[in-house]
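Chemist: Please read through the structure below; I'll follow up with questions.
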Amino acid sequence: MIYGYATEGATEAFAQQHHPLSVGNLGTTGLTVSQAGFGCYRVSTGVNHHKTALQKALGEGINLIDTSSNYADGGSESLVGKVLEDLIASGKLSREKTVVVSKVGYLQGHNYELSRERKQEGRPFPELVEYSEGLEHCIHPEFLMDQLNRSLERLKLQTLDFYLLHNPEYYLEWAQKNGHAQEAARTEYYRRIRKAFEYLEEEVVRGRIRYYGISSNTFPAAADQPDFTCLATVWDIAESLAASHHFRLVQLPLNLMEAGAVLEKNQPGGDSVLEFAQHKGLGVLVNRPLNAFYNNQLIRLAQASTSVRQSKDEIVRKIQFLTKSEKSLWMKFLPTINIPPGLRARIKEQIAVGDILKHHWLNFGSYENWRQIKAGNLQPRIEGVMDFLEPYGSQNEDISNWVTSHRARIEEAFDAVASIYAEKAARRVDRIRRVMAAADPNWAAEGTLSQKAVRAVRSTPGVSCVLVGMRREEYVADVLAELRRPVKRGGHLESWQTLAAELANTAL
């Protein structure tokens with residue numbers, strides 16, 4: 001168990017220790033945080049480079065970690081807990097210097113199975129939103145308590161600094177999909193949020209959380225959008241509970257191509273959500289600074305590979321080499337390992353990435369889609385097999401040599417496929433750079449595209465911290481380099497307006 005929580009004095013001391021890394025205030029909490037935080041969406045326990053990346057970030061000045069109970073099916077929180085435990089035990093970090101944020105609401109993976117078990121026992125979670133097969137959502141106090149218990153255990157924490165309702169607008173989407181009247185759905189939506197806030201205030205009194213808030217993708221949406229979450233309404237709910245309420249943090253998307261948080265005047269008084277948050281002293285975490293959804297496509301705001309486009313014959317040849325290597329595993333090496341036939345068949349199926357590439361390498365659509373498929377599907381399959389083979393490789397030199405050779409074949413095939421899509425992505429990067437330069441010269445000064453994208457967001461008034469996925473040490477280094485650059489904060493409304501206008505006239 002890790003005792004304590006982030007404090008004003010300790011976070012300020014951490015900032016001074018790592019000066020000149022850029023920092024900001026987390027609303028009126030008094031906490032000082034790095035202007036970029038470690039986003040844990042795609043990290044998990046047991047992945048060594050995720051662990052070393054988080055260690056590097058915490059060791060070099062990043063002091064805000066954002067995770068969730070459903071990231072990696074709980075594995076993300078477990079990774080955070082393990083890294084914090086190790087660094088604190090070794091004296092390299094103190095709990096009081098580190099701000100930990102987690103979120104609650106999703107029922108997927110283990111939580112979804114838990115929900116099924118409870119239904120079978122006749123005690124389902126109350127007010128459960130049965131959104132789709134394999135995905136439910138809930139913010140009822142009974143579920144929140146269950147999840148907070150599990151999150152604190154995985155994080156190894158006595159006290160969580162911030163606990164956020166994670167995309168509660170799933171209820172509004174479900175209500176629309178099922179034909180519920182919009183006004184009645186919104187009334188019920190805010191009633192559920194109020195009930196959740198009442199419970200979270202109790203957890204503050206118990207000392208298990210310090211503050212709470214909401215992470216919603218629809219805070220920046222147009223006010224007439226069916227799943228819009230109105231921050232002013234949420235604030236009024238918190239104010240009605242107590243003048244000294246602990247609703248202190250919101251999380252929302254903002255990036256170069258999705259500027260609703262700045263430009264959409266969706267609050268009752270005519271403010272944007274960022275302006276309203278500033279007026280009320282709320283801390284604001286920004287997510288998805290590098291992953292933009294624009295014109296129904298995902299655009300990655302980072303440097304694309306500069307590899308030269310390979311010929312069709314070369315790509316086919318490298319995929320064939322990969323397929324041949326896969327075949328040698330299940331034909332030559334697996335028979336030497338004493339494992340059940342069913343397991344042998346599953347390994348054969350898992351390793352068969354070459355066959356997927358053979359049939360689909362021209363159909364991934366874009367560089368961003370290819371990256372997602374590779375990272376979210378293909379690489380985990382391969383690494384699962386490699387992890388299984390590791391102990392056998394230590395006993396059998398032939399298997400060990402195959403693993404080394406196969407990794408090279410994978411890298412060659414992946415690079416070849418990527419070259420088809422990277423060329424177009426690189427041209428898009430150049431166009432985005434030109435648009436940024438026209439919108440604001442300070443945004444488009446030195447640095448990589450990812451650094452410039454983070455700079456645009458962190459320089460915007462009202463933003464406390466930008467959450468960046470830093471799964472590898474090189475990603476951490478890229479963010480740290482940006483945070484060491486001084487940035488002028490404020491007066492960027494015109495820049496965002498110009499950027500939106502330029503993008504509307506630019507083919508991406």
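Ligands are numbered from 1 in the order shown, chains are lettered A, B, ... in the order of the structure tokens, and residues start at 1 in each chain.
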Do you know which residues are at most 9 Å from Leu84 (chain A) counting only C-alpha atoms, after dropping those on the same chain fewer than 6 positions away, and could you put them as a ChimeraX atom specification?

Modeler: /A:2,55,93-95,155-156

Chemist: Residues of the last selection are to be written out with C-alpha atoms, as a CSV table (one decimal), in the first residue's frame.

Modeler:
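Output saved as selection.csv:
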```csv
chain,number,residue,atom,x,y,z
A,2,ILE,CA,1.3,3.4,-1.0
A,55,GLN,CA,9.9,5.3,-15.3
A,93,LEU,CA,10.1,9.4,-6.2
A,94,SER,CA,7.7,10.4,-3.4
A,95,ARG,CA,3.9,9.9,-3.6
A,155,LEU,CA,-2.7,1.1,-8.2
A,156,LYS,CA,-1.5,0.1,-4.7
```

Chemist: Where does DSSP see helix (DSSP H, G or I) in region 256-329 of chain A, if you list the residues as a ChimeraX atom specification?

Modeler: /A:260-263,273-280,312-329

Chemist: Please, which residues in region 332-399 of chain A fall within 9 Å of region 409-426 of chain A when counting only C-alpha atoms, and what is the closest atom pair and distance in Å to one decimal for each, ordered by chain then residue number, as JSON lines?

Modeler:
```
{"residue": "A:Val353", "atom": "CA", "partner": "A:Ile410", "partner_atom": "CA", "distance": 8.8}
{"residue": "A:Gly354", "atom": "CA", "partner": "A:Ala413", "partner_atom": "CA", "distance": 8.3}
{"residue": "A:Leu357", "atom": "CA", "partner": "A:Val417", "partner_atom": "CA", "distance": 8.1}
{"residue": "A:Trp361", "atom": "CA", "partner": "A:Val417", "partner_atom": "CA", "distance": 6.2}
{"residue": "A:Leu362", "atom": "CA", "partner": "A:Ile420", "partner_atom": "CA", "distance": 8.1}
{"residue": "A:Phe364", "atom": "CA", "partner": "A:Tyr421", "partner_atom": "CA", "distance": 8.5}
{"residue": "A:Gly365", "atom": "CA", "partner": "A:Tyr421", "partner_atom": "CA", "distance": 7.8}
{"residue": "A:Ser366", "atom": "CA", "partner": "A:Tyr421", "partner_atom": "CA", "distance": 5.7}
{"residue": "A:Tyr367", "atom": "CA", "partner": "A:Tyr421", "partner_atom": "CA", "distance": 4.7}
{"residue": "A:Glu368", "atom": "CA", "partner": "A:Ala425", "partner_atom": "CA", "distance": 8.3}
{"residue": "A:Trp370", "atom": "CA", "partner": "A:Ala418", "partner_atom": "CA", "distance": 7.2}
{"residue": "A:Arg371", "atom": "CA", "partner": "A:Ala418", "partner_atom": "CA", "distance": 8.2}
{"residue": "A:Lys374", "atom": "CA", "partner": "A:Phe414", "partner_atom": "CA", "distance": 8.2}
```

Chemist: Can you pull out the residues contacting region 443-447 of chain A? Cut-off 10 Å, using only C-alpha atoms, and skip same-chain residues under 3 positions away; I want them as a ChimeraX atom specification.

Modeler: /A:432-440,450-457,459,478,481-482,485,487-488,495

Chemist: Store the residues of this selection in a file with N, CA, C and O atoms, as an mmCIF file, in the first residue's frame.

Modeler:
```
data_model
loop_
_atom_site.group_PDB
_atom_site.id
_atom_site.type_symbol
_atom_site.label_atom_id
_atom_site.label_comp_id
_atom_site.auth_asym_id
_atom_site.auth_seq_id
_atom_site.Cartn_x
_atom_site.Cartn_y
_atom_site.Cartn_z
ATOM 1 N N ILE A 432 -0.074 20.026 -43.228
ATOM 2 C CA ILE A 432 -0.464 20.454 -41.886
ATOM 3 C C ILE A 432 0.522 21.484 -41.357
ATOM 4 O O ILE A 432 0.134 22.487 -40.735
ATOM 5 N N ARG A 433 1.795 21.289 -41.599
ATOM 6 C CA ARG A 433 2.807 22.264 -41.167
ATOM 7 C C ARG A 433 2.561 23.635 -41.788
ATOM 8 O O ARG A 433 2.666 24.663 -41.119
ATOM 9 N N ARG A 434 2.233 23.638 -43.071
ATOM 10 C CA ARG A 434 1.985 24.918 -43.750
ATOM 11 C C ARG A 434 0.759 25.612 -43.158
ATOM 12 O O ARG A 434 0.746 26.833 -42.976
ATOM 13 N N VAL A 435 -0.276 24.838 -42.869
ATOM 14 C CA VAL A 435 -1.491 25.401 -42.285
ATOM 15 C C VAL A 435 -1.199 25.971 -40.897
ATOM 16 O O VAL A 435 -1.667 27.059 -40.536
ATOM 17 N N MET A 436 -0.409 25.266 -40.093
ATOM 18 C CA MET A 436 -0.045 25.749 -38.757
ATOM 19 C C MET A 436 0.738 27.050 -38.829
ATOM 20 O O MET A 436 0.526 27.974 -38.041
ATOM 21 N N ALA A 437 1.677 27.117 -39.772
ATOM 22 C CA ALA A 437 2.492 28.322 -39.927
ATOM 23 C C ALA A 437 1.618 29.524 -40.265
ATOM 24 O O ALA A 437 1.861 30.643 -39.793
ATOM 25 N N ALA A 438 0.578 29.294 -41.078
ATOM 26 C CA ALA A 438 -0.330 30.384 -41.440
ATOM 27 C C ALA A 438 -1.184 30.812 -40.252
ATOM 28 O O ALA A 438 -1.546 31.982 -40.119
ATOM 29 N N ALA A 439 -1.501 29.863 -39.368
ATOM 30 C CA ALA A 439 -2.370 30.162 -38.228
ATOM 31 C C ALA A 439 -1.630 30.850 -37.096
ATOM 32 O O ALA A 439 -2.144 31.790 -36.482
ATOM 33 N N ASP A 440 -0.426 30.388 -36.791
ATOM 34 C CA ASP A 440 0.322 30.946 -35.660
ATOM 35 C C ASP A 440 1.802 30.588 -35.803
ATOM 36 O O ASP A 440 2.171 29.423 -35.646
ATOM 37 N N SER A 450 4.545 16.333 -33.836
ATOM 38 C CA SER A 450 3.913 15.997 -32.563
ATOM 39 C C SER A 450 4.204 17.067 -31.516
ATOM 40 O O SER A 450 3.329 17.417 -30.711
ATOM 41 N N GLN A 451 5.424 17.610 -31.504
ATOM 42 C CA GLN A 451 5.750 18.673 -30.563
ATOM 43 C C GLN A 451 4.939 19.931 -30.851
ATOM 44 O O GLN A 451 4.428 20.589 -29.937
ATOM 45 N N LYS A 452 4.787 20.259 -32.126
ATOM 46 C CA LYS A 452 4.002 21.438 -32.493
ATOM 47 C C LYS A 452 2.532 21.257 -32.130
ATOM 48 O O LYS A 452 1.868 22.207 -31.681
ATOM 49 N N ALA A 453 2.020 20.043 -32.317
ATOM 50 C CA ALA A 453 0.622 19.771 -31.980
ATOM 51 C C ALA A 453 0.391 19.912 -30.475
ATOM 52 O O ALA A 453 -0.629 20.465 -30.043
ATOM 53 N N VAL A 454 1.330 19.422 -29.674
ATOM 54 C CA VAL A 454 1.238 19.578 -28.221
ATOM 55 C C VAL A 454 1.372 21.048 -27.844
ATOM 56 O O VAL A 454 0.663 21.552 -26.957
ATOM 57 N N ARG A 455 2.262 21.763 -28.531
ATOM 58 C CA ARG A 455 2.487 23.184 -28.232
ATOM 59 C C ARG A 455 1.215 24.002 -28.440
ATOM 60 O O ARG A 455 0.885 24.869 -27.631
ATOM 61 N N ALA A 456 0.518 23.739 -29.525
ATOM 62 C CA ALA A 456 -0.713 24.487 -29.799
ATOM 63 C C ALA A 456 -1.714 24.312 -28.668
ATOM 64 O O ALA A 456 -2.386 25.272 -28.254
ATOM 65 N N VAL A 457 -1.810 23.108 -28.127
ATOM 66 C CA VAL A 457 -2.784 22.839 -27.073
ATOM 67 C C VAL A 457 -2.316 23.402 -25.734
ATOM 68 O O VAL A 457 -3.085 24.064 -25.023
ATOM 69 N N SER A 459 -0.417 25.821 -25.073
ATOM 70 C CA SER A 459 -0.356 27.280 -25.040
ATOM 71 C C SER A 459 -1.738 27.920 -24.967
ATOM 72 O O SER A 459 -1.855 29.141 -24.869
ATOM 73 N N ASP A 478 10.568 12.902 -26.819
ATOM 74 C CA ASP A 478 9.980 13.879 -27.728
ATOM 75 C C ASP A 478 9.148 14.896 -26.948
ATOM 76 O O ASP A 478 9.234 16.105 -27.194
ATOM 77 N N ALA A 481 11.384 17.192 -24.697
ATOM 78 C CA ALA A 481 12.054 18.225 -25.495
ATOM 79 C C ALA A 481 11.117 19.399 -25.743
ATOM 80 O O ALA A 481 11.530 20.567 -25.700
ATOM 81 N N GLU A 482 9.845 19.115 -26.002
ATOM 82 C CA GLU A 482 8.870 20.191 -26.222
ATOM 83 C C GLU A 482 8.626 20.982 -24.941
ATOM 84 O O GLU A 482 8.556 22.215 -24.954
ATOM 85 N N ARG A 485 10.865 23.864 -24.023
ATOM 86 C CA ARG A 485 10.779 25.091 -24.808
ATOM 87 C C ARG A 485 9.791 26.042 -24.127
ATOM 88 O O ARG A 485 8.669 25.651 -23.812
ATOM 89 N N VAL A 487 6.870 28.701 -23.882
ATOM 90 C CA VAL A 487 5.730 28.912 -24.755
ATOM 91 C C VAL A 487 4.893 30.056 -24.207
ATOM 92 O O VAL A 487 4.742 30.218 -22.994
ATOM 93 N N LYS A 488 4.380 30.871 -25.112
ATOM 94 C CA LYS A 488 3.516 31.976 -24.720
ATOM 95 C C LYS A 488 2.097 31.464 -24.591
ATOM 96 O O LYS A 488 1.531 30.920 -25.530
ATOM 97 N N SER A 495 -5.821 32.421 -33.547
ATOM 98 C CA SER A 495 -5.014 31.367 -34.176
ATOM 99 C C SER A 495 -5.855 30.130 -34.458
ATOM 100 O O SER A 495 -5.769 29.534 -35.542
#
```

Chemist: Pick from A:Gln158, A:Lys332, A:Leu231, A:Asn442: nearest to Leu282 (chain A), with only C-alpha atoms counted?

Modeler: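 Under the stated criterion, the closest residue is A:Leu231.
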
Chemist: Would you list the contacts of Leu254 (chain A) as a tab-separated table (two decimals) with C-alpha atoms, in the first residue's frame, taking every protein, DNA or RNA residue within 9 Å and counting only C-alpha atoms, but skipping same-chain residues closer than 3 positions in sequence?

Modeler:
```tsv
chain	number	residue	atom	x	y	z
A	220	PRO	CA	-16.81	20.40	-26.72
A	257	MET	CA	-8.37	19.49	-36.19
A	258	GLU	CA	-10.92	19.23	-33.39
A	259	ALA	CA	-11.06	22.69	-31.84
A	260	GLY	CA	-14.58	22.60	-30.38
A	261	ALA	CA	-13.26	23.13	-26.85
A	262	VAL	CA	-12.01	26.56	-27.98
A	286	VAL	CA	-6.76	17.40	-22.77
A	287	ASN	CA	-6.77	13.97	-24.41
A	288	ARG	CA	-6.16	12.91	-28.02
A	289	PRO	CA	-3.78	15.80	-28.85
A	292	ALA	CA	-7.58	13.70	-34.75
A	457	VAL	CA	-2.78	22.84	-27.07
```

Chemist: Hey, which of A:Ile373, A:Ala184, A:Glu85, A:Phe125 ends up closest to Ile356 (chain A)? Count only C-alpha atoms.

Modeler: A:Ile373

Chemist: List the neighbours of Gly24 (chain A) out to 8 Å using only C-alpha atoms; skip same-chain residues closer than 5 positions along the sequence, and give me the result as an NGL selection string.

Modeler: :A and (32-35 or 464-465)

Chemist: Would you export the selected residues with N, CA and C atoms as a PDB file, in the first residue's frame, please?

Modeler:
```
ATOM      1  N   THR A  32       0.660  21.599  -8.702  1.00  0.00           N
ATOM      2  CA  THR A  32       1.455  21.986  -9.862  1.00  0.00           C
ATOM      3  C   THR A  32       1.752  20.736 -10.676  1.00  0.00           C
ATOM      4  N   VAL A  33       1.464  20.787 -11.967  1.00  0.00           N
ATOM      5  CA  VAL A  33       1.679  19.602 -12.807  1.00  0.00           C
ATOM      6  C   VAL A  33       2.451  19.976 -14.069  1.00  0.00           C
ATOM      7  N   SER A  34       3.185  19.031 -14.601  1.00  0.00           N
ATOM      8  CA  SER A  34       3.842  19.207 -15.885  1.00  0.00           C
ATOM      9  C   SER A  34       2.784  19.479 -16.944  1.00  0.00           C
ATOM     10  N   GLN A  35       3.133  20.299 -17.949  1.00  0.00           N
ATOM     11  CA  GLN A  35       2.136  20.652 -18.969  1.00  0.00           C
ATOM     12  C   GLN A  35       1.784  19.481 -19.877  1.00  0.00           C
ATOM     13  N   SER A 464      -4.792  22.780 -18.522  1.00  0.00           N
ATOM     14  CA  SER A 464      -3.846  22.533 -17.424  1.00  0.00           C
ATOM     15  C   SER A 464      -2.741  21.578 -17.832  1.00  0.00           C
ATOM     16  N   CYS A 465      -3.110  20.521 -18.564  1.00  0.00           N
ATOM     17  CA  CYS A 465      -2.152  19.465 -18.878  1.00  0.00           C
ATOM     18  C   CYS A 465      -2.627  18.710 -20.118  1.00  0.00           C
TER      19      CYS A 465
END
```

Chemist: What is the CA of Val47 (chain A) to CA of Tyr392 (chain A) distance in Å?

Modeler: 19.6 Å

Chemist: Can you check which residues of region 219-284 of chain A DSSP gives as strand (DSSP E or B) on the backbone and send them as a list in words?

Modeler: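 These are the residues in question: Phe247, Arg248, Leu249, Val250, Gln251, Leu252, Pro253, Asn255, Glu258, Gly283 and Val284 of chain A.
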
Chemist: I'd like the neighbourhood of Tyr170 (chain A) as a ChimeraX atom specification, where a residue qualifies if any of its atoms comes within 12 Å (using only C-alpha atoms), though same-chain residues fewer than 6 positions away should be ignored.

Modeler: /A:105-107,128-132,135-139,176-177,185-186,189,215-218,226-229

Chemist: May I ask for the distance between CA of His279 (chain A) and CA of Ala196 (chain A), given in Å to one decimal place?

Modeler: 23.8 Å

Chemist: Could you name the residues that touch Val284 (chain A) at 10 Å or less, counting only C-alpha atoms, but leaving out those on the same chain fewer than 3 positions away, as a PyMOL selection string?

Modeler: chain A and resi 25-27+213+215+248-252+273-274+277-278+281+287+462-466

Chemist: Keeping N, CA and C atoms, export the residues of the selection given above as a PDB file, in the first residue's frame.

Modeler:
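File written: again_39.pdb
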```
ATOM      1  N   ASN A  25      -0.866  25.096 -13.253  1.00  0.00           N
ATOM      2  CA  ASN A  25      -1.683  24.843 -12.074  1.00  0.00           C
ATOM      3  C   ASN A  25      -2.888  23.995 -12.447  1.00  0.00           C
ATOM      4  N   LEU A  26      -3.233  23.051 -11.609  1.00  0.00           N
ATOM      5  CA  LEU A  26      -4.376  22.183 -11.868  1.00  0.00           C
ATOM      6  C   LEU A  26      -5.612  22.820 -11.235  1.00  0.00           C
ATOM      7  N   GLY A  27      -6.127  23.845 -11.928  1.00  0.00           N
ATOM      8  CA  GLY A  27      -7.283  24.565 -11.416  1.00  0.00           C
ATOM      9  C   GLY A  27      -6.998  25.192 -10.071  1.00  0.00           C
ATOM     10  N   GLY A 213     -14.286  14.242 -10.938  1.00  0.00           N
ATOM     11  CA  GLY A 213     -14.620  15.019 -12.127  1.00  0.00           C
ATOM     12  C   GLY A 213     -15.229  14.139 -13.194  1.00  0.00           C
ATOM     13  N   SER A 215     -14.649  12.876 -17.408  1.00  0.00           N
ATOM     14  CA  SER A 215     -13.979  12.840 -18.707  1.00  0.00           C
ATOM     15  C   SER A 215     -15.052  12.575 -19.746  1.00  0.00           C
ATOM     16  N   ARG A 248     -13.483  19.087  -9.350  1.00  0.00           N
ATOM     17  CA  ARG A 248     -12.364  19.979  -9.628  1.00  0.00           C
ATOM     18  C   ARG A 248     -11.637  19.697 -10.945  1.00  0.00           C
ATOM     19  N   LEU A 249     -12.086  18.702 -11.726  1.00  0.00           N
ATOM     20  CA  LEU A 249     -11.307  18.351 -12.906  1.00  0.00           C
ATOM     21  C   LEU A 249     -12.215  17.834 -14.024  1.00  0.00           C
ATOM     22  N   VAL A 250     -11.929  18.260 -15.240  1.00  0.00           N
ATOM     23  CA  VAL A 250     -12.590  17.702 -16.413  1.00  0.00           C
ATOM     24  C   VAL A 250     -11.526  17.283 -17.421  1.00  0.00           C
ATOM     25  N   GLN A 251     -11.920  16.351 -18.262  1.00  0.00           N
ATOM     26  CA  GLN A 251     -11.039  15.889 -19.331  1.00  0.00           C
ATOM     27  C   GLN A 251     -11.835  15.899 -20.636  1.00  0.00           C
ATOM     28  N   LEU A 252     -11.190  16.361 -21.707  1.00  0.00           N
ATOM     29  CA  LEU A 252     -11.888  16.490 -22.988  1.00  0.00           C
ATOM     30  C   LEU A 252     -10.887  16.470 -24.132  1.00  0.00           C
ATOM     31  N   VAL A 273     -16.425  25.695 -23.608  1.00  0.00           N
ATOM     32  CA  VAL A 273     -16.221  24.866 -22.418  1.00  0.00           C
ATOM     33  C   VAL A 273     -14.912  25.228 -21.719  1.00  0.00           C
ATOM     34  N   LEU A 274     -13.873  25.592 -22.497  1.00  0.00           N
ATOM     35  CA  LEU A 274     -12.608  25.995 -21.873  1.00  0.00           C
ATOM     36  C   LEU A 274     -12.759  27.305 -21.115  1.00  0.00           C
ATOM     37  N   ALA A 277     -14.628  26.588 -17.885  1.00  0.00           N
ATOM     38  CA  ALA A 277     -13.757  25.907 -16.926  1.00  0.00           C
ATOM     39  C   ALA A 277     -12.797  26.901 -16.272  1.00  0.00           C
ATOM     40  N   GLN A 278     -12.262  27.828 -17.071  1.00  0.00           N
ATOM     41  CA  GLN A 278     -11.370  28.851 -16.520  1.00  0.00           C
ATOM     42  C   GLN A 278     -12.079  29.715 -15.488  1.00  0.00           C
ATOM     43  N   GLY A 281     -12.422  27.886 -12.231  1.00  0.00           N
ATOM     44  CA  GLY A 281     -11.209  27.360 -11.600  1.00  0.00           C
ATOM     45  C   GLY A 281     -11.057  25.861 -11.707  1.00  0.00           C
ATOM     46  N   ASN A 287      -7.178  15.259 -23.840  1.00  0.00           N
ATOM     47  CA  ASN A 287      -6.768  13.974 -24.412  1.00  0.00           C
ATOM     48  C   ASN A 287      -6.787  14.048 -25.944  1.00  0.00           C
ATOM     49  N   GLY A 462      -6.665  27.979 -20.274  1.00  0.00           N
ATOM     50  CA  GLY A 462      -7.633  27.042 -19.707  1.00  0.00           C
ATOM     51  C   GLY A 462      -7.159  25.616 -19.679  1.00  0.00           C
ATOM     52  N   VAL A 463      -6.145  25.274 -20.486  1.00  0.00           N
ATOM     53  CA  VAL A 463      -5.617  23.904 -20.508  1.00  0.00           C
ATOM     54  C   VAL A 463      -4.583  23.747 -19.402  1.00  0.00           C
ATOM     55  N   SER A 464      -4.792  22.780 -18.522  1.00  0.00           N
ATOM     56  CA  SER A 464      -3.846  22.533 -17.424  1.00  0.00           C
ATOM     57  C   SER A 464      -2.741  21.578 -17.832  1.00  0.00           C
ATOM     58  N   CYS A 465      -3.110  20.521 -18.564  1.00  0.00           N
ATOM     59  CA  CYS A 465      -2.152  19.465 -18.878  1.00  0.00           C
ATOM     60  C   CYS A 465      -2.627  18.710 -20.118  1.00  0.00           C
ATOM     61  N   VAL A 466      -1.688  18.391 -20.997  1.00  0.00           N
ATOM     62  CA  VAL A 466      -1.979  17.659 -22.226  1.00  0.00           C
ATOM     63  C   VAL A 466      -1.552  16.208 -22.029  1.00  0.00           C
TER      64      VAL A 466
END
```
